[in-house]
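All remarks here apply to the structure that follows.
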There are 2 protein chains.
Amino acid sequence: MAFTPVQKVSAYESIVEQIESAVERGELKPGDRLPGERKLMADFSVSRATVREALRVLQATGLIESRPGDPRGAAISQYSPRLLEKSMSQLARLEGVSRGELLQFRLILESSACLLAARDCTDDDLRAIEQRRDELVRSVAEHGAERFSEHVGRFQAAIRSASGNRLLEITGNVVSGVMTDLLSSRLSTDADRLARVRRSAEDAERLVAAIRAREPERAAAIQVLNIYRFYADDLDGHERDALAPLIAGAEETVGSPID
Amino acid sequence: MAFTPVQKVSAYESIVEQIESAVERGELKPGDRLPGERKLMADFSVSRATVREALRVLQATGLIESRPGDPRGAAISQYSPRLLEKSMSQLARLEGVSRGELLQFRLILESSACLLAARDCTDDDLRAIEQRRDELVRSVAEHGAERFSEHVGRFQAAIRSASGNRLLEITGNVVSGVMTDLLSSRLSTDADRLARVRRSAEDAERLVAAIRAREPERAAAIQVLNIYRFYADDLDGHERDALAPLIAGAEETVGSPID
DNA sequence: CTTGGGTACTGGTCTGACCAGTAACTGGAA
DNA sequence: TTCCAGTTACTGGTCAGACCAGTACCCAAG
C-alpha cells in the first residue's frame, strides 16, 4: 500500500489556483474585471493581506494587471510575451548559456522562420517585410550604424511574423531580444561595426528577393549567414566549431543562385 | 529638449529589483540565504506586508524558495525551467495557438536536436540514448501503449540533451510537455493507438541507428516523420497542409538509406 | 554517542487603520 | 441640451501589531 505525501496548500496558493483555472477554463477572459480586494477577501474568507499576496503572484505571472485607485478592480490581461522573455533571459543569464549556444538556437529559429515565410507568407506579410527593409536600408544609408539594431530588429520581426507560426515568432523575438541585450556591451570598433551593418543591409535585400521568389532554402541560408557573420567575431574558436556545419550548409546553398 | 515620463516604483517593486539585480550581479548565488522577513523589513525600512509581497513575486518567478519555520530564511534557488514551462504553456493555451502550430514548432525543435545530436553527441550521450531506447522498446513489447508516453518522453529528452544546446533542450522539453498535456484528452481507439506506438518504437530504433552512424539529416528526417505520423490523425486538412513541405522533405531523405 | 524535549525563531495569516489616487457622479455654467 | 469642474466614494499601496503552527538547533538525559 502506497501513501501519498500530504500537501498543504497555503491560502494564497489556493486563491491563485482558483483564479488561474477560472482563466484557463475561459470563465474569465482578457479585459474582464476581478472584484476589488475587499470583495475578494470576503469571497475567499481570508484577510486582505492574503488576497494581496495571491494577486501579486498573478500579476508577476502576467495574468492580471491593476492600477491603484481604479474602482473597477484588477483586469485579466491580454497575453504578452513578458513572462516568456523573463524566463528566457533568466535561462540564458543564470544557467550560464554560452553565446555560442544562444546564437546556435537563434539560427535554428530564424532560419526556420525564413523558410516558412518564403514558403507561404501572404502579400500583406510581404509588403510589411519590404517596408521594414526599405526603412532599414534607408537608415543605414543615412545614419550608418547608429539606429541599425532597432531597424534590423523590426525587419527580422516582420519575417518571423510572416512565418505564420506564433510560437516561432514570439520565441524568435524573445531570443533575438535577449541576444542584443546580452551582447550590446560588446561593441566592436565603429569602422568594423559599420562594415558589418552595411553587409547586413545588403543581405536583407537578398533575403527579401529570395522570399519574393519563393525560395525557402535560399532564404533560410541567407539569414543564417547574415546573422552568423554579424556575431562571428565575438565567438571563440570552440563556439565557432559548433556552428561550422550549419554555416557550411548555408554557404553552399547561397552559393547556388537557384537550386 | 525631451522629457521622460515619471515612473513611480512601488516599494515592493523596488525590493524585487534590488534583490533581482543582486542575483544578476552574482552577489547572491543559488543556495545563498536571504535574511528573514523581519530583518529585511528593517533593512528596507518597510512593513512586513511589503516585504512579503516582494518575496512572493520573487518566489513566483522562481528566483527564491522558502519554507515556513525555516530559521535560515529564503534561499536563492537553483535554476529550474519551471517559469519557462509556465510561460510556454500559457502562450500555447491562452494565445490560442493551434495544434498545427504547436506541432510545427515542435518538429523544428526536435529535428534540430536530432541533427545536432547525430553530428556531435558524445559516447556517454549515445549510451544514455540507447538505454532509453531499450527501455522504450521493452515497455512497448511488454505493456503495449500503456506506459508509452512516459518512456518515449524520456527517450526524446535524452536526444535533446545530447544536442549539446541547453536552450534547445529545455525549450524542446517544455514544448513536448505542453503538447502531451494539451493532447492527452484526445486519445484514439486502443487498437489504433497501439499501432502508432509500435511504429514509433520502430522509428526510435532507426533513429538511434542514424545517430550512431552520424547521419544528421537522416536522423532529423526520421524524427520529423515519426512525430508527425503520431499526431497526424488529430489534425484537420488545413493544419496538415501547413506541414506538408516539411514532411515531404523528410520522406525524401528517409527514402534514401545513405545520401 | 545518540536521542528527546525545549526554545527561540521562522513564515503564514489576521485585524484594523491611513493615505494617495482614480472613476464616476453631480450640479451649475454655457 | 451640452459640457466642464468639483465632490465623493471607492480603489490599491502601505503600515503597525498580533497570533499561530511549524522548523532548526541546542542541550541535557539516557
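Within each chain, counting starts at residue 1; across the C-alpha cells, chains are named A, B, ... in the order shown, with ligands numbered 1 upward in that order.
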
Counting only C-alpha atoms (C1' of nucleotides), chain B residues within 10 Å of chain D, as a PDB file with N, CA and C atoms, in the first residue's frame:
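The result, stored in result_9.pdb:
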```
ATOM      1  N   SER B  10       6.639  51.249  -6.959  1.00  0.00           N
ATOM      2  CA  SER B  10       6.108  50.964  -5.632  1.00  0.00           C
ATOM      3  C   SER B  10       7.209  50.343  -4.780  1.00  0.00           C
ATOM      4  N   ALA B  11       6.977  50.349  -3.488  1.00  0.00           N
ATOM      5  CA  ALA B  11       8.000  49.886  -2.554  1.00  0.00           C
ATOM      6  C   ALA B  11       8.383  48.438  -2.821  1.00  0.00           C
ATOM      7  N   TYR B  12       7.377  47.594  -2.993  1.00  0.00           N
ATOM      8  CA  TYR B  12       7.696  46.176  -3.161  1.00  0.00           C
ATOM      9  C   TYR B  12       8.439  45.932  -4.461  1.00  0.00           C
ATOM     10  N   VAL B  46      10.575  49.035   5.489  1.00  0.00           N
ATOM     11  CA  VAL B  46       9.183  48.953   5.054  1.00  0.00           C
ATOM     12  C   VAL B  46       8.487  47.987   6.010  1.00  0.00           C
ATOM     13  N   SER B  47       7.189  47.878   5.858  1.00  0.00           N
ATOM     14  CA  SER B  47       6.472  46.954   6.737  1.00  0.00           C
ATOM     15  C   SER B  47       6.650  45.520   6.263  1.00  0.00           C
ATOM     16  N   ARG B  48       6.255  44.606   7.098  1.00  0.00           N
ATOM     17  CA  ARG B  48       6.457  43.208   6.742  1.00  0.00           C
ATOM     18  C   ARG B  48       5.566  42.826   5.566  1.00  0.00           C
ATOM     19  N   ALA B  49       4.388  43.382   5.490  1.00  0.00           N
ATOM     20  CA  ALA B  49       3.486  43.073   4.378  1.00  0.00           C
ATOM     21  C   ALA B  49       4.156  43.390   3.046  1.00  0.00           C
ATOM     22  N   THR B  50       4.842  44.509   3.002  1.00  0.00           N
ATOM     23  CA  THR B  50       5.512  44.897   1.760  1.00  0.00           C
ATOM     24  C   THR B  50       6.647  43.940   1.420  1.00  0.00           C
ATOM     25  N   ARG B  67      10.475  27.989   3.045  1.00  0.00           N
ATOM     26  CA  ARG B  67       9.583  27.078   3.755  1.00  0.00           C
ATOM     27  C   ARG B  67       9.225  27.713   5.082  1.00  0.00           C
ATOM     28  N   PRO B  68       7.991  27.550   5.507  1.00  0.00           N
ATOM     29  CA  PRO B  68       7.628  28.124   6.802  1.00  0.00           C
ATOM     30  C   PRO B  68       8.437  27.478   7.914  1.00  0.00           C
ATOM     31  N   GLY B  69       8.812  28.283   8.835  1.00  0.00           N
ATOM     32  CA  GLY B  69       9.504  27.772  10.011  1.00  0.00           C
ATOM     33  C   GLY B  69      11.008  27.673   9.877  1.00  0.00           C
ATOM     34  N   ASP B  70      11.503  27.787   8.669  1.00  0.00           N
ATOM     35  CA  ASP B  70      12.945  27.649   8.462  1.00  0.00           C
ATOM     36  C   ASP B  70      13.678  28.903   8.953  1.00  0.00           C
ATOM     37  N   PRO B  71      14.452  28.783  10.012  1.00  0.00           N
ATOM     38  CA  PRO B  71      15.098  29.969  10.586  1.00  0.00           C
ATOM     39  C   PRO B  71      16.215  30.515   9.702  1.00  0.00           C
ATOM     40  N   ARG B  72      16.563  29.803   8.654  1.00  0.00           N
ATOM     41  CA  ARG B  72      17.663  30.275   7.800  1.00  0.00           C
ATOM     42  C   ARG B  72      17.188  31.255   6.741  1.00  0.00           C
TER      43      ARG B  72
END
```

Least-squares superpose chain B onto chain A - every C-alpha atom, paired in order - and show me the moved coordinates as a short mmCIF file (atom, residue, chain, number, x, y, z; two decimals) with C-alpha atoms, in the first residue's frame.
```cif
data_model
loop_
_atom_site.label_atom_id
_atom_site.label_comp_id
_atom_site.auth_asym_id
_atom_site.auth_seq_id
_atom_site.Cartn_x
_atom_site.Cartn_y
_atom_site.Cartn_z
CA MET B 1 -1.38 0.08 -1.33
CA ALA B 2 0.30 3.35 -2.16
CA PHE B 3 0.08 6.52 -0.12
CA THR B 4 0.37 9.95 -1.61
CA PRO B 5 2.40 12.64 0.10
CA VAL B 6 0.16 15.15 1.81
CA GLN B 7 0.45 18.54 0.25
CA LYS B 8 -0.44 21.51 2.34
CA VAL B 9 -1.53 24.32 0.11
CA SER B 10 -1.23 27.72 1.67
CA ALA B 11 -4.21 30.03 1.54
CA TYR B 12 -2.78 32.39 -1.03
CA GLU B 13 -1.77 29.50 -3.27
CA SER B 14 -5.27 28.18 -3.23
CA ILE B 15 -6.56 31.59 -4.30
CA VAL B 16 -4.04 31.75 -7.11
CA GLU B 17 -5.06 28.33 -8.32
CA GLN B 18 -8.73 29.13 -8.22
CA ILE B 19 -8.35 32.29 -10.26
CA GLU B 20 -5.89 30.69 -12.66
CA SER B 21 -8.17 27.80 -13.38
CA ALA B 22 -11.12 30.14 -13.85
CA VAL B 23 -9.10 31.85 -16.58
CA GLU B 24 -8.05 28.56 -18.12
CA ARG B 25 -11.61 27.34 -18.18
CA GLY B 26 -12.58 30.55 -19.93
CA GLU B 27 -14.82 31.79 -17.14
CA LEU B 28 -12.67 34.89 -16.98
CA LYS B 29 -11.57 36.44 -20.23
CA PRO B 30 -9.06 39.22 -20.96
CA GLY B 31 -10.59 42.54 -20.01
CA ASP B 32 -12.87 41.05 -17.39
CA ARG B 33 -12.64 42.54 -13.94
CA LEU B 34 -11.88 40.86 -10.65
CA PRO B 35 -13.75 42.14 -7.60
CA GLY B 36 -11.88 44.56 -5.38
CA GLU B 37 -9.57 43.24 -2.71
CA ARG B 38 -12.11 43.81 0.04
CA LYS B 39 -14.71 41.81 -1.81
CA LEU B 40 -12.26 39.02 -2.57
CA MET B 41 -11.25 38.90 1.05
CA ALA B 42 -14.87 38.24 1.95
CA ASP B 43 -15.37 35.74 -0.90
CA PHE B 44 -12.36 33.66 0.03
CA SER B 45 -12.79 34.44 3.74
CA VAL B 46 -9.16 35.34 4.26
CA SER B 47 -7.47 38.53 5.33
CA ARG B 48 -6.61 41.25 2.89
CA ALA B 49 -2.89 40.53 3.20
CA THR B 50 -3.47 37.03 1.91
CA VAL B 51 -5.59 38.25 -0.99
CA ARG B 52 -2.89 40.72 -1.89
CA GLU B 53 -0.16 38.08 -1.92
CA ALA B 54 -2.25 36.02 -4.29
CA LEU B 55 -2.87 39.01 -6.53
CA ARG B 56 0.83 39.81 -6.52
CA VAL B 57 1.63 36.34 -7.79
CA LEU B 58 -1.01 36.60 -10.50
CA GLN B 59 0.36 39.96 -11.47
CA ALA B 60 3.92 38.66 -11.56
CA THR B 61 2.89 35.86 -13.90
CA GLY B 62 1.21 38.41 -16.15
CA LEU B 63 -2.30 37.12 -15.63
CA ILE B 64 -3.81 40.28 -14.17
CA GLU B 65 -3.10 43.98 -14.14
CA SER B 66 -4.17 46.53 -11.59
CA ARG B 67 -3.77 50.21 -10.91
CA PRO B 68 -4.13 51.90 -7.56
CA GLY B 69 -7.34 53.78 -7.14
CA ASP B 70 -9.20 52.03 -9.92
CA PRO B 71 -12.63 51.21 -8.48
CA ARG B 72 -13.21 48.56 -11.14
CA GLY B 73 -10.68 46.21 -9.60
CA ALA B 74 -7.89 44.23 -11.25
CA ALA B 75 -8.30 43.22 -14.88
CA ILE B 76 -7.47 39.94 -16.60
CA SER B 77 -4.70 40.91 -19.01
CA GLN B 78 -4.35 40.42 -22.67
CA TYR B 79 -1.66 37.84 -23.35
CA SER B 80 1.79 39.32 -23.55
CA PRO B 81 5.13 37.60 -24.03
CA ARG B 82 6.52 39.44 -21.03
CA LEU B 83 6.72 36.33 -18.89
CA LEU B 84 8.25 34.31 -21.70
CA GLU B 85 10.80 37.03 -22.21
CA LYS B 86 11.63 37.06 -18.56
CA SER B 87 12.01 33.30 -18.35
CA MET B 88 14.12 33.15 -21.52
CA SER B 89 16.51 35.84 -20.45
CA GLN B 90 16.64 34.22 -17.02
CA LEU B 91 17.57 30.96 -18.72
CA ALA B 92 20.22 32.60 -20.85
CA ARG B 93 21.67 34.64 -18.05
CA LEU B 94 21.46 32.47 -14.96
CA GLU B 95 22.03 29.11 -16.52
CA GLY B 96 25.25 30.38 -17.97
CA VAL B 97 24.28 29.70 -21.53
CA SER B 98 27.21 30.64 -23.72
CA ARG B 99 27.03 33.11 -26.55
CA GLY B 100 27.66 30.26 -28.93
CA GLU B 101 24.67 28.32 -27.69
CA LEU B 102 22.52 31.40 -27.83
CA LEU B 103 23.59 32.12 -31.39
CA GLN B 104 23.12 28.52 -32.44
CA PHE B 105 19.62 28.47 -31.05
CA ARG B 106 18.82 31.72 -32.75
CA LEU B 107 20.10 30.46 -36.07
CA ILE B 108 17.77 27.50 -35.77
CA LEU B 109 14.79 29.73 -35.09
CA GLU B 110 15.57 32.41 -37.64
CA SER B 111 16.32 30.02 -40.45
CA SER B 112 13.10 28.14 -39.77
CA ALA B 113 11.21 31.42 -39.81
CA CYS B 114 12.73 32.38 -43.15
CA LEU B 115 11.97 28.96 -44.53
CA LEU B 116 8.35 29.15 -43.55
CA ALA B 117 7.99 32.78 -44.58
CA ALA B 118 9.40 32.11 -48.02
CA ARG B 119 7.11 29.16 -48.42
CA ASP B 120 3.80 30.60 -47.43
CA CYS B 121 3.74 34.23 -46.42
CA THR B 122 0.82 36.29 -47.64
CA ASP B 123 1.05 39.37 -49.83
CA ASP B 124 0.42 41.52 -46.79
CA ASP B 125 3.29 39.86 -44.98
CA LEU B 126 5.55 40.45 -47.94
CA ARG B 127 4.57 44.10 -48.13
CA ALA B 128 5.30 44.55 -44.45
CA ILE B 129 8.69 42.87 -44.84
CA GLU B 130 9.59 45.04 -47.80
CA GLN B 131 8.62 48.16 -45.96
CA ARG B 132 10.86 47.23 -43.05
CA ARG B 133 13.66 46.44 -45.47
CA ASP B 134 13.28 49.85 -47.10
CA GLU B 135 13.41 51.57 -43.74
CA LEU B 136 16.46 49.54 -42.81
CA VAL B 137 18.31 50.25 -46.03
CA ARG B 138 17.48 53.94 -45.90
CA SER B 139 18.54 54.21 -42.27
CA VAL B 140 21.88 52.57 -42.98
CA ALA B 141 22.44 54.83 -45.96
CA GLU B 142 21.61 57.95 -43.98
CA HIS B 143 22.70 57.27 -40.43
CA GLY B 144 25.14 54.41 -40.78
CA ALA B 145 25.28 52.06 -37.82
CA GLU B 146 23.59 54.45 -35.48
CA ARG B 147 20.02 53.20 -35.45
CA PHE B 148 20.78 49.90 -37.13
CA SER B 149 19.85 47.48 -34.36
CA GLU B 150 16.43 49.01 -34.00
CA HIS B 151 15.64 48.75 -37.71
CA VAL B 152 17.14 45.34 -38.27
CA GLY B 153 15.16 44.14 -35.26
CA ARG B 154 11.93 45.30 -36.85
CA PHE B 155 12.87 43.80 -40.20
CA GLN B 156 13.60 40.40 -38.77
CA ALA B 157 10.52 40.56 -36.57
CA ALA B 158 8.42 41.06 -39.70
CA ILE B 159 9.88 37.89 -41.17
CA ARG B 160 9.17 35.94 -38.03
CA SER B 161 5.64 37.20 -38.06
CA ALA B 162 5.31 36.13 -41.69
CA SER B 163 6.28 32.60 -40.74
CA GLY B 164 2.72 32.11 -39.61
CA ASN B 165 3.81 30.34 -36.44
CA ARG B 166 3.31 32.41 -33.35
CA LEU B 167 5.42 30.18 -31.15
CA LEU B 168 8.29 30.57 -33.55
CA GLU B 169 7.59 34.28 -33.83
CA ILE B 170 7.47 35.03 -30.14
CA THR B 171 10.33 32.75 -29.20
CA GLY B 172 12.40 34.26 -31.98
CA ASN B 173 11.58 37.76 -30.84
CA VAL B 174 12.56 36.94 -27.31
CA VAL B 175 15.82 35.23 -28.20
CA SER B 176 16.78 38.02 -30.53
CA GLY B 177 16.00 40.54 -27.80
CA VAL B 178 18.00 38.67 -25.23
CA MET B 179 20.92 38.47 -27.61
CA THR B 180 21.07 42.16 -28.40
CA ASP B 181 20.70 42.75 -24.68
CA LEU B 182 23.53 40.46 -23.71
CA LEU B 183 25.89 41.48 -26.47
CA SER B 184 25.17 45.17 -26.59
CA SER B 185 28.15 45.84 -24.35
CA ARG B 186 30.56 44.22 -26.77
CA LEU B 187 30.61 46.79 -29.51
CA SER B 188 33.38 46.58 -32.02
CA THR B 189 35.19 49.58 -33.40
CA ASP B 190 33.04 51.97 -35.33
CA ALA B 191 34.56 51.26 -38.71
CA ASP B 192 34.29 47.53 -38.26
CA ARG B 193 30.73 47.84 -37.11
CA LEU B 194 29.79 49.99 -40.06
CA ALA B 195 31.10 47.37 -42.44
CA ARG B 196 29.05 44.69 -40.74
CA VAL B 197 25.97 46.83 -40.82
CA ARG B 198 26.35 47.52 -44.53
CA ARG B 199 26.76 43.86 -45.33
CA SER B 200 23.73 43.04 -43.24
CA ALA B 201 21.66 45.58 -45.16
CA GLU B 202 22.71 43.97 -48.42
CA ASP B 203 21.80 40.57 -47.05
CA ALA B 204 18.39 41.93 -46.16
CA GLU B 205 17.81 42.78 -49.81
CA ARG B 206 18.94 39.36 -50.97
CA LEU B 207 16.79 37.76 -48.34
CA VAL B 208 13.66 39.57 -49.41
CA ALA B 209 14.39 38.65 -53.01
CA ALA B 210 14.60 35.01 -52.04
CA ILE B 211 11.34 35.18 -50.13
CA ARG B 212 9.63 36.93 -53.01
CA ALA B 213 10.95 34.27 -55.38
CA ARG B 214 9.65 31.60 -52.99
CA GLU B 215 13.01 29.96 -52.45
CA PRO B 216 12.76 28.73 -48.85
CA GLU B 217 16.12 27.00 -48.52
CA ARG B 218 17.91 29.93 -50.04
CA ALA B 219 16.15 32.42 -47.80
CA ALA B 220 17.00 30.39 -44.73
CA ALA B 221 20.63 30.07 -45.75
CA ILE B 222 21.01 33.77 -46.40
CA GLN B 223 19.68 34.62 -42.99
CA VAL B 224 21.92 32.08 -41.27
CA LEU B 225 24.99 33.50 -42.94
CA ASN B 226 23.88 37.04 -42.29
CA ILE B 227 23.37 36.63 -38.59
CA TYR B 228 26.41 34.42 -38.15
CA ARG B 229 28.74 36.84 -39.86
CA PHE B 230 27.39 39.68 -37.80
CA TYR B 231 28.34 38.02 -34.54
CA ALA B 232 31.18 35.73 -35.62
CA ASP B 233 33.94 38.04 -34.43
CA ASP B 234 32.63 37.89 -30.90
CA LEU B 235 32.96 34.12 -30.71
CA ASP B 236 35.98 32.11 -29.71
CA GLY B 237 37.30 29.19 -31.69
CA HIS B 238 35.44 26.49 -29.82
CA GLU B 239 32.12 28.25 -30.21
CA ARG B 240 32.75 28.77 -33.87
CA ASP B 241 33.44 25.08 -34.39
CA ALA B 242 30.07 24.17 -32.98
CA LEU B 243 28.41 26.29 -35.62
CA ALA B 244 30.62 25.32 -38.53
CA PRO B 245 28.37 22.73 -40.16
CA LEU B 246 25.32 24.95 -40.13
CA ILE B 247 27.35 27.65 -41.76
CA ALA B 248 28.96 25.38 -44.29
CA GLY B 249 25.57 24.11 -45.39
CA ALA B 250 24.27 27.64 -45.69
CA GLU B 251 27.23 28.79 -47.73
CA GLU B 252 26.71 25.97 -50.13
CA THR B 253 23.05 26.82 -50.61
CA VAL B 254 23.68 30.51 -51.06
CA GLY B 255 26.43 29.78 -53.53
CA SER B 256 23.96 28.27 -55.96
CA PRO B 257 21.64 31.05 -57.14
CA ILE B 258 18.74 28.73 -57.94
CA ASP B 259 18.96 25.21 -56.75
#
```

From the DSSP assignment of the backbone, select every residue of segment 5-226 of chain A that is strand (DSSP E), and format the answer as a count of residues only.
4

From a DSSP calculation on the backbone, collect every residue of segment 13-220 of chain B in helix (DSSP H, G or I) and output the set as a PyMOL selection string.
chain B and resi 13-24+37-43+48-60+82-94+99-120+123-143+148-162+166-183+190-212+216-220

Up to 12 Å from chain A, what residues of chain C turn up? Count only C-alpha atoms (C1' of nucleotides) and give them as a count of residues only.
12
